[in-house]
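*Asks:* File follows, coords33.cif with mmCIF, C-alpha atoms:
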```cif
data_run
#
loop_
_atom_site.label_atom_id
_atom_site.label_comp_id
_atom_site.auth_asym_id
_atom_site.auth_seq_id
_atom_site.Cartn_x
_atom_site.Cartn_y
_atom_site.Cartn_z
CA MET A 1 0.00 0.00 0.00
CA ASP A 2 1.39 3.37 -1.07
CA GLN A 3 0.23 5.77 1.63
CA GLU A 4 2.25 8.61 0.14
CA ARG A 5 -0.20 8.79 -2.75
CA ALA A 6 -2.93 9.98 -0.37
CA LEU A 7 -0.81 13.03 0.48
CA THR A 8 -0.61 14.14 -3.15
CA TRP A 9 -4.05 13.06 -4.37
CA GLU A 10 -6.15 15.87 -5.83
CA PRO A 11 -9.95 15.85 -6.13
CA PRO A 12 -11.62 16.52 -9.48
CA ALA A 13 -11.51 20.12 -10.69
CA GLY A 14 -15.28 20.54 -10.30
CA TRP A 15 -15.24 20.03 -6.54
CA ARG A 16 -15.41 23.09 -4.32
CA ARG A 17 -12.60 23.43 -1.78
CA LEU A 18 -12.64 25.17 1.59
CA THR A 19 -9.57 25.33 3.82
CA ALA A 20 -9.93 25.86 7.56
CA ILE A 21 -7.86 26.10 10.71
CA ASP A 22 -9.64 24.40 13.59
CA SER A 23 -9.25 25.65 17.14
CA HIS A 24 -11.06 25.89 20.43
CA ALA A 25 -11.35 28.47 23.20
CA GLY A 26 -12.33 27.10 26.57
CA GLY A 27 -13.44 23.89 24.88
CA GLU A 28 -15.80 25.54 22.38
CA PRO A 29 -14.81 24.82 18.76
CA PHE A 30 -13.99 27.60 16.34
CA ARG A 31 -13.41 26.64 12.70
CA VAL A 32 -11.73 29.51 10.83
CA VAL A 33 -12.28 29.29 7.07
CA VAL A 34 -9.19 30.85 5.48
CA ASP A 35 -9.63 29.97 1.80
CA GLY A 36 -12.33 29.05 -0.70
CA LEU A 37 -15.08 31.52 0.19
CA PRO A 38 -16.57 33.83 -2.45
CA GLU A 39 -16.38 37.59 -2.05
CA ILE A 40 -19.08 38.74 0.37
CA PRO A 41 -20.35 42.24 -0.52
CA GLY A 42 -21.41 44.86 1.99
CA GLU A 43 -20.22 48.19 3.36
CA THR A 44 -20.80 47.01 6.93
CA VAL A 45 -20.39 43.59 8.52
CA LEU A 46 -24.13 43.54 9.22
CA GLN A 47 -24.70 43.94 5.48
CA LYS A 48 -22.23 41.12 4.82
CA ARG A 49 -24.10 38.99 7.34
CA SER A 50 -27.41 39.70 5.59
CA TYR A 51 -25.89 38.77 2.23
CA ALA A 52 -24.45 35.53 3.63
CA MET A 53 -27.77 34.62 5.22
CA ALA A 54 -29.58 35.10 1.91
CA ASN A 55 -27.00 33.69 -0.49
CA LEU A 56 -24.40 31.52 1.26
CA ASP A 57 -26.35 29.49 3.79
CA ASP A 58 -25.55 26.35 1.80
CA LEU A 59 -21.86 26.85 2.56
CA ARG A 60 -22.63 27.44 6.24
CA ARG A 61 -24.52 24.15 6.42
CA ALA A 62 -21.78 22.31 4.51
CA ILE A 63 -19.03 23.45 6.88
CA MET A 64 -20.99 23.41 10.17
CA TRP A 65 -23.37 20.45 9.84
CA GLU A 66 -22.67 16.75 9.44
CA PRO A 67 -20.77 15.05 7.85
CA ARG A 68 -18.01 17.69 8.21
CA GLY A 69 -19.26 19.19 11.46
CA HIS A 70 -21.92 18.47 14.07
CA ALA A 71 -24.83 20.09 15.90
CA ASP A 72 -22.50 21.97 18.27
CA MET A 73 -19.93 23.17 15.72
CA TYR A 74 -19.03 26.86 15.56
CA GLY A 75 -16.97 28.81 13.08
CA GLY A 76 -15.87 32.05 11.51
CA TRP A 77 -15.45 33.43 8.00
CA ILE A 78 -12.72 36.06 7.89
CA GLY A 79 -12.49 38.83 5.32
CA PRO A 80 -11.20 42.34 4.71
CA PRO A 81 -11.98 45.07 7.27
CA VAL A 82 -14.78 47.60 6.82
CA ALA A 83 -13.47 50.21 9.28
CA GLU A 84 -10.43 52.25 8.27
CA GLU A 85 -8.25 51.31 11.25
CA SER A 86 -9.32 47.65 11.52
CA ASP A 87 -7.33 44.59 10.49
CA LEU A 88 -10.10 42.25 9.34
CA SER A 89 -13.78 41.43 9.57
CA VAL A 90 -15.45 38.20 10.62
CA LEU A 91 -18.81 36.50 10.25
CA PHE A 92 -19.73 34.01 12.97
CA LEU A 93 -21.71 30.86 12.13
CA HIS A 94 -23.28 27.96 13.99
CA ASN A 95 -25.95 25.28 13.66
CA GLU A 96 -28.83 27.74 13.18
CA GLY A 97 -27.33 30.60 11.20
CA PHE A 98 -25.03 33.60 11.56
CA SER A 99 -24.58 35.25 14.96
CA THR A 100 -23.78 38.90 15.67
CA MET A 101 -20.76 38.59 18.00
CA CYS A 102 -18.76 35.78 19.54
CA GLY A 103 -16.34 36.21 22.42
CA HIS A 104 -14.78 32.76 22.33
CA GLY A 105 -14.35 33.27 18.57
CA ILE A 106 -12.40 36.50 19.13
CA ILE A 107 -10.14 34.71 21.64
CA ALA A 108 -9.60 31.87 19.17
CA LEU A 109 -8.90 34.31 16.34
CA GLY A 110 -6.14 35.92 18.40
CA LYS A 111 -4.45 32.51 18.59
CA VAL A 112 -5.04 31.45 14.98
CA LEU A 113 -4.23 34.74 13.24
CA ILE A 114 -0.95 35.30 15.07
CA GLU A 115 0.44 31.78 15.31
CA THR A 116 -0.27 30.97 11.64
CA GLY A 117 1.34 34.26 10.58
CA MET A 118 -1.79 35.83 9.07
CA ILE A 119 -1.21 38.76 11.43
CA ALA A 120 2.36 39.81 12.20
CA ALA A 121 3.23 39.24 15.85
CA THR A 122 4.67 41.91 18.12
CA GLU A 123 5.87 41.06 21.59
CA PRO A 124 4.88 41.16 24.38
CA GLU A 125 1.44 42.06 23.02
CA THR A 126 -0.23 42.11 19.62
CA THR A 127 -3.34 44.22 19.09
CA ILE A 128 -5.90 43.24 16.44
CA ARG A 129 -8.96 45.30 15.55
CA ILE A 130 -11.77 43.05 14.34
CA ASP A 131 -14.99 44.25 12.69
CA THR A 132 -17.99 42.11 13.70
CA PRO A 133 -21.72 42.46 12.94
CA ALA A 134 -22.17 44.00 16.42
CA GLY A 135 -19.33 46.48 15.99
CA THR A 136 -15.54 46.67 16.18
CA VAL A 137 -13.81 44.86 19.02
CA VAL A 138 -10.16 45.17 20.03
CA ALA A 139 -8.28 41.95 20.81
CA ILE A 140 -4.94 42.05 22.63
CA SER A 141 -2.92 38.83 22.65
CA SER A 142 -0.01 38.07 24.97
CA VAL A 143 2.82 36.79 22.75
CA SER A 144 6.18 35.21 23.59
CA SER A 145 8.45 33.56 20.99
CA GLY A 146 5.58 33.65 18.51
CA THR A 147 3.19 31.79 20.81
CA VAL A 148 -0.06 33.29 22.10
CA SER A 149 -0.61 32.43 25.75
CA ALA A 150 -3.89 34.36 26.21
CA THR A 151 -6.10 36.92 24.50
CA ARG A 152 -8.27 39.60 26.04
CA PHE A 153 -10.73 41.69 24.09
CA ARG A 154 -12.58 44.92 24.68
CA ASN A 155 -16.16 44.23 23.63
CA VAL A 156 -18.89 46.41 22.16
CA PRO A 157 -21.06 48.42 24.60
CA SER A 158 -23.01 46.01 26.75
CA PHE A 159 -26.16 46.86 28.68
CA VAL A 160 -29.19 45.64 30.59
CA ALA A 161 -32.57 45.67 28.89
CA ASP A 162 -34.60 44.27 31.81
CA LEU A 163 -34.11 42.94 35.32
CA ASP A 164 -36.26 40.36 37.10
CA ALA A 165 -38.63 39.81 34.19
CA ILE A 166 -41.08 36.90 34.39
CA VAL A 167 -42.15 34.56 31.60
CA ASP A 168 -44.43 31.52 31.64
CA VAL A 169 -42.65 28.53 30.16
CA GLU A 170 -44.31 25.27 29.18
CA GLY A 171 -43.31 22.58 31.63
CA PHE A 172 -41.53 24.99 33.96
CA GLY A 173 -44.13 27.55 35.01
CA SER A 174 -43.01 31.08 35.81
CA VAL A 175 -39.32 31.71 35.13
CA ARG A 176 -37.48 34.82 36.34
CA TYR A 177 -34.75 36.20 34.08
CA ASP A 178 -32.58 39.22 33.36
CA LEU A 179 -32.27 40.39 29.75
CA ALA A 180 -28.93 41.86 28.71
CA PHE A 181 -26.84 42.54 25.60
CA GLY A 182 -23.14 41.72 25.30
CA GLY A 183 -22.86 41.59 21.51
CA ALA A 184 -26.04 39.51 21.42
CA PHE A 185 -29.07 39.40 23.70
CA TYR A 186 -29.23 36.77 26.44
CA ALA A 187 -31.84 35.80 29.00
CA ILE A 188 -29.94 35.08 32.24
CA VAL A 189 -31.61 32.58 34.56
CA ALA A 190 -30.20 31.86 38.02
CA VAL A 191 -30.30 28.28 39.28
CA ALA A 192 -28.45 29.03 42.49
CA ASP A 193 -29.30 25.80 44.26
CA VAL A 194 -28.32 23.51 41.39
CA GLU A 195 -24.78 22.58 40.30
CA VAL A 196 -24.85 22.97 36.53
CA SER A 197 -22.73 20.17 35.09
CA LEU A 198 -22.26 17.96 32.05
CA ASP A 199 -24.73 15.49 33.55
CA ASP A 200 -27.40 18.17 33.15
CA ALA A 201 -26.52 19.07 29.54
CA ALA A 202 -29.53 17.49 27.79
CA ALA A 203 -32.01 18.88 30.32
CA LEU A 204 -30.41 22.34 30.16
CA ALA A 205 -30.54 22.34 26.35
CA GLU A 206 -34.24 21.52 26.37
CA ALA A 207 -34.96 24.08 29.09
CA GLY A 208 -33.00 26.69 27.14
CA ARG A 209 -35.01 26.00 24.00
CA ARG A 210 -38.31 26.35 25.84
CA ILE A 211 -37.34 29.52 27.67
CA LYS A 212 -35.99 31.14 24.51
CA LYS A 213 -39.18 30.27 22.62
CA ALA A 214 -41.41 31.61 25.41
CA ILE A 215 -39.51 34.91 25.76
CA THR A 216 -39.37 35.45 21.99
CA ALA A 217 -43.14 34.96 21.81
CA SER A 218 -43.89 37.17 24.81
CA ARG A 219 -42.03 40.40 24.04
CA GLU A 220 -40.17 42.55 21.57
CA ILE A 221 -36.41 42.80 21.95
CA ASN A 222 -34.92 45.98 20.54
CA HIS A 223 -31.37 47.20 20.17
CA PRO A 224 -31.18 51.02 20.44
CA ASP A 225 -28.93 51.44 17.37
CA GLU A 226 -29.27 48.40 15.08
CA PRO A 227 -32.64 46.71 14.49
CA GLU A 228 -30.88 43.58 13.13
CA LEU A 229 -29.35 43.00 16.56
CA GLY A 230 -32.77 42.92 18.22
CA PHE A 231 -33.40 39.23 18.84
CA LEU A 232 -32.85 36.75 21.66
CA TYR A 233 -29.75 34.70 20.87
CA GLY A 234 -29.49 32.46 23.92
CA VAL A 235 -30.32 31.58 27.50
CA ILE A 236 -27.63 31.53 30.18
CA PHE A 237 -28.10 29.42 33.28
CA THR A 238 -25.95 30.58 36.19
CA GLY A 239 -25.05 28.57 39.25
CA PRO A 240 -22.40 28.26 41.94
CA ALA A 241 -18.77 27.82 40.92
CA ARG A 242 -16.94 24.64 41.84
CA SER A 243 -13.82 26.57 42.78
CA PRO A 244 -14.01 28.94 45.77
CA LEU A 245 -11.70 31.27 43.79
CA HIS A 246 -14.28 31.76 41.04
CA HIS A 247 -17.40 33.89 40.92
CA SER A 248 -19.92 31.49 39.38
CA ARG A 249 -20.61 29.04 36.56
CA ASN A 250 -22.24 29.74 33.19
CA VAL A 251 -24.08 27.35 30.91
CA CYS A 252 -25.16 29.06 27.71
CA VAL A 253 -27.75 27.48 25.43
CA PHE A 254 -27.78 29.38 22.13
CA ALA A 255 -28.97 29.08 18.53
CA ASP A 256 -30.96 25.83 18.20
CA GLY A 257 -30.20 24.15 21.53
CA GLU A 258 -26.43 24.46 21.11
CA ILE A 259 -24.51 24.32 24.42
CA ASP A 260 -21.41 26.48 24.67
CA ARG A 261 -18.48 24.53 26.11
CA SER A 262 -16.78 27.81 27.03
CA PRO A 263 -18.05 30.36 29.58
CA THR A 264 -19.31 32.42 26.57
CA GLY A 265 -17.50 35.73 26.02
CA THR A 266 -20.57 37.70 25.02
CA GLY A 267 -22.50 35.99 27.80
CA VAL A 268 -19.94 37.03 30.42
CA SER A 269 -20.18 40.56 28.98
CA SER A 270 -23.95 40.47 29.48
CA ARG A 271 -23.55 39.20 33.02
CA LEU A 272 -21.09 42.00 33.84
CA ALA A 273 -23.73 44.49 32.69
CA VAL A 274 -26.25 42.88 35.04
CA LEU A 275 -23.78 42.82 37.94
CA SER A 276 -23.03 46.49 37.29
CA ALA A 277 -26.71 47.41 37.22
CA ARG A 278 -27.24 45.64 40.54
CA GLY A 279 -24.26 47.40 42.11
CA GLU A 280 -22.40 44.12 42.63
CA ILE A 281 -19.26 45.01 40.65
CA GLY A 282 -17.27 48.17 39.96
CA VAL A 283 -14.85 49.31 37.28
CA ASP A 284 -11.67 47.19 37.11
CA GLU A 285 -13.05 44.54 39.46
CA GLU A 286 -12.34 41.18 37.84
CA VAL A 287 -14.45 38.03 38.12
CA THR A 288 -13.69 34.52 36.88
CA ILE A 289 -16.55 32.54 35.35
CA GLU A 290 -16.52 28.76 34.87
CA SER A 291 -18.03 26.86 31.95
CA ILE A 292 -19.90 23.56 31.88
CA VAL A 293 -16.58 21.76 31.20
CA GLY A 294 -14.66 23.69 33.86
CA SER A 295 -12.78 26.12 31.62
CA THR A 296 -12.72 29.77 32.66
CA PHE A 297 -12.92 33.28 31.22
CA ARG A 298 -12.07 36.38 33.22
CA GLY A 299 -14.14 39.51 32.86
CA LYS A 300 -14.04 43.06 34.10
CA ILE A 301 -15.64 46.43 33.38
CA VAL A 302 -13.16 48.85 31.85
CA GLU A 303 -15.62 51.71 31.29
CA ARG A 304 -19.03 52.68 32.58
CA SER A 305 -20.98 55.62 31.21
CA GLU A 306 -21.79 56.83 34.75
CA ALA A 307 -21.93 55.51 38.29
CA GLY A 308 -24.50 52.73 38.57
CA SER A 309 -25.03 52.67 34.82
CA ALA A 310 -26.31 49.53 33.13
CA THR A 311 -24.22 50.33 30.01
CA ILE A 312 -20.59 49.23 30.20
CA ILE A 313 -17.54 48.37 28.13
CA PRO A 314 -16.42 44.89 29.24
CA GLU A 315 -13.07 43.21 28.74
CA ILE A 316 -12.99 39.41 28.54
CA SER A 317 -9.87 37.21 28.78
CA GLY A 318 -9.28 33.57 27.91
CA THR A 319 -7.06 31.04 26.19
CA ALA A 320 -7.33 29.11 22.95
CA HIS A 321 -5.55 26.26 21.17
CA ILE A 322 -5.15 25.25 17.53
CA THR A 323 -6.36 21.69 16.86
CA GLY A 324 -5.82 21.12 13.15
CA ARG A 325 -5.89 22.24 9.54
CA SER A 326 -8.40 20.79 7.10
CA GLU A 327 -9.20 21.02 3.42
CA PHE A 328 -12.85 20.27 2.85
CA TRP A 329 -14.10 19.13 -0.53
CA LEU A 330 -17.69 19.44 -1.75
CA ASP A 331 -18.45 16.67 -4.24
CA PRO A 332 -21.43 17.85 -6.36
CA ARG A 333 -22.58 14.21 -6.66
CA ASP A 334 -22.79 13.79 -2.87
CA THR A 335 -26.47 14.09 -1.94
CA LEU A 336 -25.62 14.31 1.77
CA GLY A 337 -22.56 16.52 1.43
CA GLY A 338 -24.57 19.72 1.68
CA GLY A 339 -25.11 19.05 5.36
CA PHE A 340 -27.62 17.48 7.71
CA LEU A 341 -28.20 17.18 11.45
CA VAL A 342 -29.37 14.21 13.47
CA ALA A 343 -31.02 15.38 16.69
CA ALA A 344 -30.00 13.42 19.77
CA SER A 345 -33.30 14.16 21.52
#
```
I need this file expressed as structure tokens, please.
*Replies:*
Amino acid sequence: MDQERALTWEPPAGWRRLTAIDSHAGGEPFRVVVDGLPEIPGETVLQKRSYAMANLDDLRRAIMWEPRGHADMYGGWIGPPVAEESDLSVLFLHNEGFSTMCGHGIIALGKVLIETGMIAATEPETTIRIDTPAGTVVAISSVSSGTVSATRFRNVPSFVADLDAIVDVEGFGSVRYDLAFGGAFYAIVAVADVEVSLDDAAALAEAGRRIKKAITASREINHPDEPELGFLYGVIFTGPARSPLHHSRNVCVFADGEIDRSPTGTGVSSRLAVLSARGEIGVDEEVTIESIVGSTFRGKIVERSEAGSATIIPEISGTAHITGRSEFWLDPRDTLGGGFLVAAS
């Protein structure tokens, strides 16, 4: 058997090719497509997102869904910047569609862009300005000998839309939640007496689906500047941390029942806005939030519009790792190659 031939084999010319660098931040996958995408028009990243939703959803399904991905896959499409001082733009994608911001994705991009040489490294820190659908975020990676040890990012303005709201949820009765924006809108539900763990994942996913559906049906959700950002992206269950050194634990259920393995960067941003509004955290006070798999992100408020304000600028820190490089081929004869999902429940 000549195994070397597999390394030089080329698919037929008619097959589409997509090249990706796979990574994870805090356990949550982030597949960065670096080659093979068509040009995506739009003067803003929100316009690019709208175009991709209308015209390129087949490529999202092919790269996120089975057989190349799975129900909990997450990824990013990188492209040229739209703001004059930015370095690049990114569209975030998952099992349901295209999201508006992704904190673990920004942390993973810091790792991937610098260590693969797509962005030139400067030591001890490299700053990258990234245009997202929610706005421009600034990522700062700690670099030594070309290796990124951690990335922190200054997020878009984050704020509270509602505190202690109540919604009736089928099978659960009345559920109390806070509604906050950290690049996307989240309903934050405290389960203080329950240790949220991997054993609870299926139940949490189903509860998240039901709560999201009930809230979406019960109210309008509006962003003050961008109507396209006005929708409920996920539900965050909060509970006690396992470590006495940490603040709490997050389990985020987003998109179509997708469970974030990381603490969720935009979710931690939303929680910081809630903590600020309740007077439980001040500027430059740092908290560490655990995920369902035990990974952690650190978060702090770096700016607040005024004392006690519910609108803040959060900074989130975490680590990422590169897991592989893949070239995906789309055989036009493959009737399943366009993507499918098999629900586990």
*Asks:* Which residues would end up in the selection if the PyMOL selection byres ((chain A and resi 239) around 6) were applied here, given that I need the answer as a PyMOL selection string?
*Replies:* chain A and resi 191-192+238+240+248-249
*Asks:* Nearest to Ser291 of chain A among A:Arg152, A:Arg49, A:Lys111, A:Arg242, with distances taken over only C-alpha atoms: which residue is it?
*Replies:* A:Arg242
*Asks:* Would you list the contacts of Ile119 of chain A as a list in words, taking every protein, DNA or RNA residue within 10 Å and counting only C-alpha atoms, but skipping same-chain residues closer than 3 positions in sequence?
*Replies:*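 Surrounding residues, per the criterion: Asp87, Leu88, Gly110, Val112, Leu113, Ile114, Glu115, Thr116, Thr122, Thr126, Thr127 and Ile128 of chain A.
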*Asks:* What would the selection look like, as a compact mmCIF listing (two decimals) with C-alpha atoms, in the coordinates of the input, if the PyMOL selection byres ((chain A and resi 15) around 10) were run on the coordinates I just shared?
*Replies:*
```txt
# COMPACT_ATOMS: atom_id res chain seq x y z
CA PRO A 11 -9.95 15.85 -6.13
CA PRO A 12 -11.62 16.52 -9.48
CA ALA A 13 -11.51 20.12 -10.69
CA GLY A 14 -15.28 20.54 -10.30
CA ARG A 16 -15.41 23.09 -4.32
CA ARG A 17 -12.60 23.43 -1.78
CA LEU A 18 -12.64 25.17 1.59
CA PHE A 328 -12.85 20.27 2.85
CA TRP A 329 -14.10 19.13 -0.53
CA LEU A 330 -17.69 19.44 -1.75
CA ASP A 331 -18.45 16.67 -4.24
CA PRO A 332 -21.43 17.85 -6.36
CA ARG A 333 -22.58 14.21 -6.66
```
*Asks:* Name the residues captured by the PyMOL selection byres ((chain A and resi 75) around 7) when it is applied to the shown file; answer as a list of chain:residue names.
*Replies:* A:Phe30, A:Arg31, A:Val32, A:Met73, A:Tyr74, A:Gly76, A:Phe92, A:Leu93, A:His94
*Asks:* One decimal, in Å: what's the spacing between atom CA of Thr323 of chain A and atom CA of Pro29 of chain A?
*Replies:*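 Atom CA of Pro29 of chain A lies 9.2 Å from atom CA of Thr323 of chain A.
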*Asks:* Would you compute the distance between atom CA of Val283 of chain A and atom CA of Val156 of chain A? Give it in Å to one decimal.
*Replies:*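 That distance, rounded to one decimal, is 15.9 Å.
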*Asks:* One decimal, Å: what's the distance from atom CA of Phe237 of chain A over to atom CA of Val251 of chain A, could you say?
*Replies:*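 Separation between atom CA of Phe237 of chain A and atom CA of Val251 of chain A: 5.1 Å.
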*Asks:* Kindly indicate which residue among A:Pro80, A:Gly208, A:Gly299, A:Gly105 lies nearest to Val268 of chain A, using all atoms listed in the file for the distances.
*Replies:* A:Gly299
*Asks:* Report as a VMD selection string all protein, DNA and RNA residues lying within 12 Å of Val82 of chain A, evaluated on all atoms listed in the file, omitting residues in the same chain fewer than 5 positions from it.
*Replies:* chain A and resid 40 to 48 87 to 90 129 to 133 135 to 136
*Asks:* Compare A:Gly146, A:Gly294, A:Gly324, A:Gly79 by their minimum atom-to-atom distance to Ala20 of chain A, counting only C-alpha atoms, and give me the closest one.
*Replies:*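 When distances to Ala20 of chain A are compared using only C-alpha atoms, the smallest one comes from A:Gly324.
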*Asks:* Select, from A:Ala134, A:Ala120, A:Val235, A:Leu204, the residue with the minimum atom-to-atom distance to Arg176 of chain A, counting only C-alpha atoms.
*Replies:*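 Checking each candidate against Arg176 of chain A, we get A:Val235 as the closest.
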*Asks:* Using all atoms listed in the file, which residue out of A:Glu327, A:Asp58, A:Glu39, A:Asp334 lies closest to Asp22 of chain A?
*Replies:* A:Glu327
*Asks:* Would you mind telling me which residue in A:Val274, A:Ala54, A:Ile63, A:Ile211 lies nearest to Ala180 of chain A when using all atoms listed in the file?
*Replies:*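 Closest to Ala180 of chain A of all the choices is A:Val274.
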*Asks:* Could you give me, as a PyMOL selection string, the residues within 7 Å of Ile312 of chain A, counting all atoms listed in the file and dropping anything in the same chain fewer than 2 positions from it?
*Replies:* chain A and resi 157-159+273+301+303-305+310+314
*Asks:* May I have the centre and edge lengths, in Å to one decimal, of an axis-aligned box around the listed atoms of segment 316-325 of chain A with 3 Å added to every side, as AutoDock Vina command-line options?
*Replies:*
```
--center_x -9.1 --center_y 30.3 --center_z 19.2 --size_x 13.8 --size_y 24.3 --size_z 25.2
```
*Asks:* Please list, as a list of chain:residue names, the residues that have an atom at most 7 Å away from (-6.6, 31.9, 26.8) in the coordinates of this file, counting all atoms listed in the file.
*Replies:*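 Protein and nucleic acid residues near the point are A:Ala25, A:Ile107, A:Ser149, A:Ala150, A:Thr151, A:Ser317, A:Gly318, A:Thr319, A:Ala320.
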